[in-house]
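As structure tokens, the structure follows; a few thoughts come after it.
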Amino acid sequence: MLTMINKEFYTKLLLLFIIIQPVLDILTYFSIQALETSVTIGIIFRVLFMLVSLWFIFFGNSSRLKKYVIFYLMAMFVVFGIGLVYNFFAKPIFDPFAELQFLAKTVYFSIMLCSYLLLFTNIDHKNEVSHRILKAISAAMLIVSVTMFIAILTGTSSSTYEWNKFGFKGWFFSGNELGSIVAISFPLVYLYALIKYDQLKKIYYFIPVVMLAAVSILIGTKVGYFAVLGAGIMVFLTYLTYWIIQKIRKAIKPLTAMHLTCSFIFLLLFLLVTPFSPSFSNVSGDVDAINEQSEQTSEEQNKNQSSDDSGEDNSDKNQDQGQQQLMKSPILKIILSSRNVYFTEIYNDYMDASPMQKMFGMGYAGNYRESPKLIEMDFFDLFFSYGIIGFLFILVPFIFIVGLFIKLLFQVPGRLLHPENMLILLSIGLGTGIAFLAGHVLYAPAVNIYLAISMVLLMINMMKMNKDRSEA
């Protein structure tokens, strides 16, 4: 079988793997419920696919980028290995299973990203394959939507939140991960519908879009709701701009008018149902809680100020207290769901760590002395876990995208800011934004597969633009 892993076989396997993602997540949910084990069907299948992807990277392709990708991965593995071995001797508590599991989840994203990049740079019909991938993602999200509605209607759906808030997560284990999947995937599902919708009778391509939008507000998380809202606004404004430009030039294309009308109707319907959704209720509750905490904080500051009016210069003292209180702010605690508290704890561990740990990381959850606890803000977790050097390796794909995007923004802005690229960019922006604020993306294999696809799609589009500009 290993000799069969070429670009044709890997493409078919990738499409199938994308489609069955929600199936793996549902099977994971039921296996955890029934067996209460951390080794699930989802983990087994994803590890197997990661091994297949590694084989494809090293032996199954002839991409011009192959040697650079292999060098990048090997160097990253060496850096992570140094940190792992050092932490075996340096950490107060070293749990080999937890450390290796977290390491595997981290490298999963990089391996997936590199294998997709090599695949796209090793095939001729890139547009055809990218459309097939978008179709597979739409099919996967249709499975998510249908199973969510079935779970809710049959009364078998689990709740997104245990208390205070309201929402459904169907037969999925983590509401945060499900919200992230919906947020990252929605712009891609919307993009596929726009690509296929070239006449009125093909309006059925928007069924997955509408269903996934409904799921986003039923989950009850902020990320899913604002992802759909942001995509709806962006698509409408983009096509409105196109329509205005074409009207000025007196050359309005029927397809632009169709997309503009469809995007306006979708955005209007989404805004109309918003007040009746769990997401709106939860966001309103957060706003009320923030206002209440702001009033309490203001009252406490006024009391402290009046008690400190003794004529002494307490500016330095007040500044230090203000910096300490900022990270423990009740408002930040509400917005970040207490992540700021965990950040403070691991940050203190990092400041007290050895130079070796600062360069290569403190491993899973830092130098904990009782029970491990991640911050659940991916970029901070990865920085503290893998140190300055390891974190820079993780950032390489993001740095490449940002650099090339800025370059093309000045050279071919018209092509770069096409609605197709803007939706892919929105998907990446949502993925990285969620990773930064809410976590459960970069080291969550169930989620980061969608982010890796978005990043590669944008990379390929931008690399083609850069090549065309150079040859012009």
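Ordering of the structure tokens sets the chain letters (A, B, ...); residue numbers start at 1 within each chain; ligands are numbered from 1 in the order shown.
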
### Query
Hey, what's within 10 Å of A:Val412 if we count only C-alpha atoms and toss same-chain stuff fewer than 5 positions away? As a ChimeraX atom specification, please?
/A:405,407,417,462,465-466,469

### Query
What separation in Å, quoted to one decimal, exists between atom CA of A:Thr11 and atom CA of A:Asp25?
21.7 Å

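Of the listed residues A:Val78, A:Tyr192, A:Phe88, A:Gly175, the one whose atoms come nearest to A:Tyr204 is A:Tyr192, with distances taken using only C-alpha atoms.
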
### Query
Out of A:Leu15, A:Ala90, A:Ile434, A:Leu392, which residue has the shortest atom-to-atom distance to A:Ile181 when counting only C-alpha atoms?
A:Ile434

### Message
Set the distance at 7 Å and use only C-alpha atoms: which residues neighbour A:Gly224 once local chain neighbours fewer than 4 positions away are removed? I'd like the list as a PyMOL selection string.
### Response
chain A and resi 179-180+182-183+216-217+228

### Task
Write out as a PyMOL selection string all residues of stretch 77-174 of chain A that DSSP puts in helix (DSSP H, G or I) for this structure's backbone.
chain A and resi 77-90+96-120+126-153

What would the file look like if the residues just selected were written as a PDB file, in the first residue's frame with C-alpha atoms?
```
ATOM      1  CA  PHE A  77      11.275  17.985  15.074  1.00  0.00           C
ATOM      2  CA  VAL A  78      14.849  18.427  16.346  1.00  0.00           C
ATOM      3  CA  VAL A  79      13.951  21.622  18.245  1.00  0.00           C
ATOM      4  CA  PHE A  80      10.870  19.992  19.794  1.00  0.00           C
ATOM      5  CA  GLY A  81      12.924  16.913  20.655  1.00  0.00           C
ATOM      6  CA  ILE A  82      15.547  18.982  22.482  1.00  0.00           C
ATOM      7  CA  GLY A  83      12.836  20.615  24.580  1.00  0.00           C
ATOM      8  CA  LEU A  84      11.184  17.260  25.323  1.00  0.00           C
ATOM      9  CA  VAL A  85      14.420  15.633  26.515  1.00  0.00           C
ATOM     10  CA  TYR A  86      15.439  18.635  28.622  1.00  0.00           C
ATOM     11  CA  ASN A  87      12.014  18.866  30.275  1.00  0.00           C
ATOM     12  CA  PHE A  88      12.206  15.172  31.177  1.00  0.00           C
ATOM     13  CA  PHE A  89      14.925  16.155  33.655  1.00  0.00           C
ATOM     14  CA  ALA A  90      13.911  19.759  34.450  1.00  0.00           C
ATOM     15  CA  PRO A  96       5.258  11.224  29.254  1.00  0.00           C
ATOM     16  CA  PHE A  97       1.791  10.456  27.825  1.00  0.00           C
ATOM     17  CA  ALA A  98       0.529  14.038  28.214  1.00  0.00           C
ATOM     18  CA  GLU A  99       3.755  15.501  26.817  1.00  0.00           C
ATOM     19  CA  LEU A 100       3.835  13.219  23.763  1.00  0.00           C
ATOM     20  CA  GLN A 101       0.110  13.636  23.131  1.00  0.00           C
ATOM     21  CA  PHE A 102       0.414  17.422  23.155  1.00  0.00           C
ATOM     22  CA  LEU A 103       3.487  17.226  20.904  1.00  0.00           C
ATOM     23  CA  ALA A 104       1.619  15.007  18.428  1.00  0.00           C
ATOM     24  CA  LYS A 105      -1.336  17.428  18.367  1.00  0.00           C
ATOM     25  CA  THR A 106       1.040  20.324  17.719  1.00  0.00           C
ATOM     26  CA  VAL A 107       2.983  18.747  14.846  1.00  0.00           C
ATOM     27  CA  TYR A 108      -0.270  17.472  13.296  1.00  0.00           C
ATOM     28  CA  PHE A 109      -1.073  20.974  12.039  1.00  0.00           C
ATOM     29  CA  SER A 110       2.373  21.496  10.527  1.00  0.00           C
ATOM     30  CA  ILE A 111       2.372  18.081   8.848  1.00  0.00           C
ATOM     31  CA  MET A 112      -1.106  18.602   7.381  1.00  0.00           C
ATOM     32  CA  LEU A 113      -0.167  22.064   6.127  1.00  0.00           C
ATOM     33  CA  CYS A 114       3.037  20.834   4.494  1.00  0.00           C
ATOM     34  CA  SER A 115       1.419  17.796   2.862  1.00  0.00           C
ATOM     35  CA  TYR A 116      -1.396  19.916   1.355  1.00  0.00           C
ATOM     36  CA  LEU A 117       1.134  22.447   0.085  1.00  0.00           C
ATOM     37  CA  LEU A 118       3.213  19.752  -1.594  1.00  0.00           C
ATOM     38  CA  LEU A 119       0.076  18.219  -3.092  1.00  0.00           C
ATOM     39  CA  PHE A 120      -1.047  21.506  -4.661  1.00  0.00           C
ATOM     40  CA  LYS A 126      -5.158  23.225  -9.138  1.00  0.00           C
ATOM     41  CA  ASN A 127      -8.524  24.960  -9.548  1.00  0.00           C
ATOM     42  CA  GLU A 128     -10.303  21.658 -10.100  1.00  0.00           C
ATOM     43  CA  VAL A 129      -8.768  20.086  -6.996  1.00  0.00           C
ATOM     44  CA  SER A 130      -9.415  23.197  -4.866  1.00  0.00           C
ATOM     45  CA  HIS A 131     -13.084  23.137  -5.921  1.00  0.00           C
ATOM     46  CA  ARG A 132     -13.278  19.441  -5.037  1.00  0.00           C
ATOM     47  CA  ILE A 133     -11.812  20.215  -1.613  1.00  0.00           C
ATOM     48  CA  LEU A 134     -14.333  23.033  -1.088  1.00  0.00           C
ATOM     49  CA  LYS A 135     -17.081  20.603  -2.110  1.00  0.00           C
ATOM     50  CA  ALA A 136     -15.805  18.073   0.447  1.00  0.00           C
ATOM     51  CA  ILE A 137     -15.821  20.724   3.177  1.00  0.00           C
ATOM     52  CA  SER A 138     -19.394  21.670   2.226  1.00  0.00           C
ATOM     53  CA  ALA A 139     -20.390  18.007   2.456  1.00  0.00           C
ATOM     54  CA  ALA A 140     -18.721  17.705   5.867  1.00  0.00           C
ATOM     55  CA  MET A 141     -20.502  20.807   7.154  1.00  0.00           C
ATOM     56  CA  LEU A 142     -23.802  19.476   5.801  1.00  0.00           C
ATOM     57  CA  ILE A 143     -23.248  16.367   7.944  1.00  0.00           C
ATOM     58  CA  VAL A 144     -22.560  18.638  10.934  1.00  0.00           C
ATOM     59  CA  SER A 145     -25.771  20.596  10.307  1.00  0.00           C
ATOM     60  CA  VAL A 146     -28.048  17.585   9.702  1.00  0.00           C
ATOM     61  CA  THR A 147     -26.797  15.674  12.747  1.00  0.00           C
ATOM     62  CA  MET A 148     -27.133  18.809  14.888  1.00  0.00           C
ATOM     63  CA  PHE A 149     -30.785  19.256  13.902  1.00  0.00           C
ATOM     64  CA  ILE A 150     -31.512  15.542  14.432  1.00  0.00           C
ATOM     65  CA  ALA A 151     -29.903  15.654  17.885  1.00  0.00           C
ATOM     66  CA  ILE A 152     -31.920  18.732  18.892  1.00  0.00           C
ATOM     67  CA  LEU A 153     -35.236  17.411  17.527  1.00  0.00           C
TER      68      LEU A 153
END
```

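The smallest atom-to-atom distance between A:Ile43 and any of A:Pro445, A:Gly403, A:Pro92, A:Gly429, using only C-alpha atoms, is found for A:Pro445.
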
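Nearest to A:Gln199 of all the residues A:Ile219, A:Met258, A:Ile399, A:Ala213 is A:Met258, based on only C-alpha atoms.
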
### Task
Find the residues around A:Ser279 up to 8 Å (only C-alpha atoms counted), leave out those fewer than 5 positions away in its own chain, and share them as a PyMOL selection string.
chain A and resi 166-167+217-222+225+274

### Message
Can you pull out the residues contacting A:Asn421? Cut-off 12 Å, using only C-alpha atoms, and skip same-chain residues under 4 positions away; I want them as a ChimeraX atom specification.
### Response
/A:187-188,191,234-235,238,405,409,413-417,425-429,454-462,465

Residue selection dump (N, CA, C and O atoms) as a compact mmCIF listing (two decimals), in the first residue's frame:
```
# COMPACT_ATOMS: atom_id res chain seq x y z
N PRO A 187 -16.84 30.45 5.84
CA PRO A 187 -16.44 31.21 4.64
C PRO A 187 -16.13 30.32 3.44
O PRO A 187 -16.38 30.70 2.29
N LEU A 188 -15.60 29.11 3.69
CA LEU A 188 -15.28 28.19 2.61
C LEU A 188 -16.54 27.60 2.00
O LEU A 188 -16.63 27.40 0.78
N LEU A 191 -18.05 30.31 -0.01
CA LEU A 191 -17.27 30.47 -1.23
C LEU A 191 -17.67 29.44 -2.27
O LEU A 191 -17.86 29.77 -3.46
N MET A 234 -19.01 40.89 4.89
CA MET A 234 -17.90 41.05 3.96
C MET A 234 -18.29 40.71 2.53
O MET A 234 -17.96 41.44 1.59
N VAL A 235 -19.02 39.62 2.35
CA VAL A 235 -19.44 39.23 1.00
C VAL A 235 -20.38 40.27 0.40
O VAL A 235 -20.24 40.66 -0.77
N THR A 238 -18.38 43.41 -0.48
CA THR A 238 -17.48 43.18 -1.61
C THR A 238 -18.25 43.22 -2.92
O THR A 238 -17.84 43.90 -3.88
N PHE A 405 1.32 38.42 1.25
CA PHE A 405 0.09 39.21 1.12
C PHE A 405 0.41 40.70 1.04
O PHE A 405 -0.14 41.41 0.19
N LEU A 409 -0.29 43.04 -2.14
CA LEU A 409 -1.26 44.10 -1.92
C LEU A 409 -0.85 45.38 -2.64
O LEU A 409 -1.70 46.15 -3.09
N PRO A 413 -3.30 44.52 -6.30
CA PRO A 413 -4.39 44.60 -5.31
C PRO A 413 -5.73 44.12 -5.84
O PRO A 413 -6.52 43.53 -5.09
N GLY A 414 -6.00 44.36 -7.12
CA GLY A 414 -7.28 43.96 -7.70
C GLY A 414 -7.49 42.46 -7.66
O GLY A 414 -8.56 41.98 -7.26
N ARG A 415 -6.46 41.70 -8.06
CA ARG A 415 -6.56 40.24 -8.04
C ARG A 415 -6.53 39.70 -6.61
O ARG A 415 -7.25 38.75 -6.29
N LEU A 416 -5.72 40.31 -5.77
CA LEU A 416 -5.59 39.82 -4.40
C LEU A 416 -6.88 39.98 -3.61
O LEU A 416 -7.26 39.11 -2.82
N LEU A 417 -7.58 41.09 -3.81
CA LEU A 417 -8.78 41.40 -3.04
C LEU A 417 -10.05 40.90 -3.73
O LEU A 417 -11.14 41.40 -3.47
N LEU A 425 -9.21 34.37 3.10
CA LEU A 425 -8.49 35.18 4.09
C LEU A 425 -9.31 35.33 5.36
O LEU A 425 -8.76 35.29 6.48
N LEU A 426 -10.62 35.50 5.22
CA LEU A 426 -11.49 35.60 6.39
C LEU A 426 -11.45 34.30 7.20
O LEU A 426 -11.40 34.33 8.43
N SER A 427 -11.46 33.16 6.50
CA SER A 427 -11.38 31.88 7.18
C SER A 427 -10.09 31.77 7.99
O SER A 427 -10.10 31.34 9.15
N ILE A 428 -8.97 32.21 7.38
CA ILE A 428 -7.68 32.19 8.09
C ILE A 428 -7.69 33.16 9.25
O ILE A 428 -7.23 32.85 10.36
N GLY A 429 -8.24 34.36 9.02
CA GLY A 429 -8.31 35.36 10.08
C GLY A 429 -9.13 34.90 11.26
O GLY A 429 -8.76 35.10 12.42
N SER A 454 -7.36 26.21 4.41
CA SER A 454 -7.53 27.63 4.05
C SER A 454 -6.19 28.29 3.77
O SER A 454 -6.05 29.04 2.79
N MET A 455 -5.20 28.02 4.62
CA MET A 455 -3.89 28.64 4.45
C MET A 455 -3.23 28.18 3.15
O MET A 455 -2.64 28.99 2.42
N VAL A 456 -3.35 26.91 2.83
CA VAL A 456 -2.74 26.40 1.60
C VAL A 456 -3.46 26.96 0.37
O VAL A 456 -2.82 27.32 -0.63
N LEU A 457 -4.80 27.04 0.41
CA LEU A 457 -5.55 27.60 -0.71
C LEU A 457 -5.11 29.04 -1.00
O LEU A 457 -4.92 29.43 -2.15
N LEU A 458 -4.93 29.83 0.07
CA LEU A 458 -4.49 31.21 -0.12
C LEU A 458 -3.04 31.26 -0.59
O LEU A 458 -2.68 32.07 -1.46
N MET A 459 -2.18 30.41 -0.03
CA MET A 459 -0.79 30.36 -0.46
C MET A 459 -0.68 30.07 -1.96
O MET A 459 0.06 30.75 -2.69
N ILE A 460 -1.43 29.08 -2.42
CA ILE A 460 -1.37 28.69 -3.83
C ILE A 460 -1.86 29.83 -4.72
O ILE A 460 -1.24 30.14 -5.75
N ASN A 461 -2.96 30.46 -4.33
CA ASN A 461 -3.47 31.59 -5.12
C ASN A 461 -2.46 32.72 -5.19
O ASN A 461 -2.22 33.31 -6.24
N MET A 462 -1.83 33.04 -4.04
CA MET A 462 -0.88 34.15 -4.01
C MET A 462 0.41 33.80 -4.75
O MET A 462 1.01 34.65 -5.42
N MET A 465 -0.28 34.30 -8.38
CA MET A 465 -0.28 35.73 -8.70
C MET A 465 1.15 36.26 -8.78
O MET A 465 1.50 37.03 -9.69
```

### Query
Separation of atom CA of A:Leu200 and atom CA of A:Leu255, in Å?
10.0 Å

### Message
Which residue is closest to A:Trp55? Choose from A:Leu395, A:Leu269, A:Ile70, A:Ile5 and count only C-alpha atoms.
### Response
A:Ile5
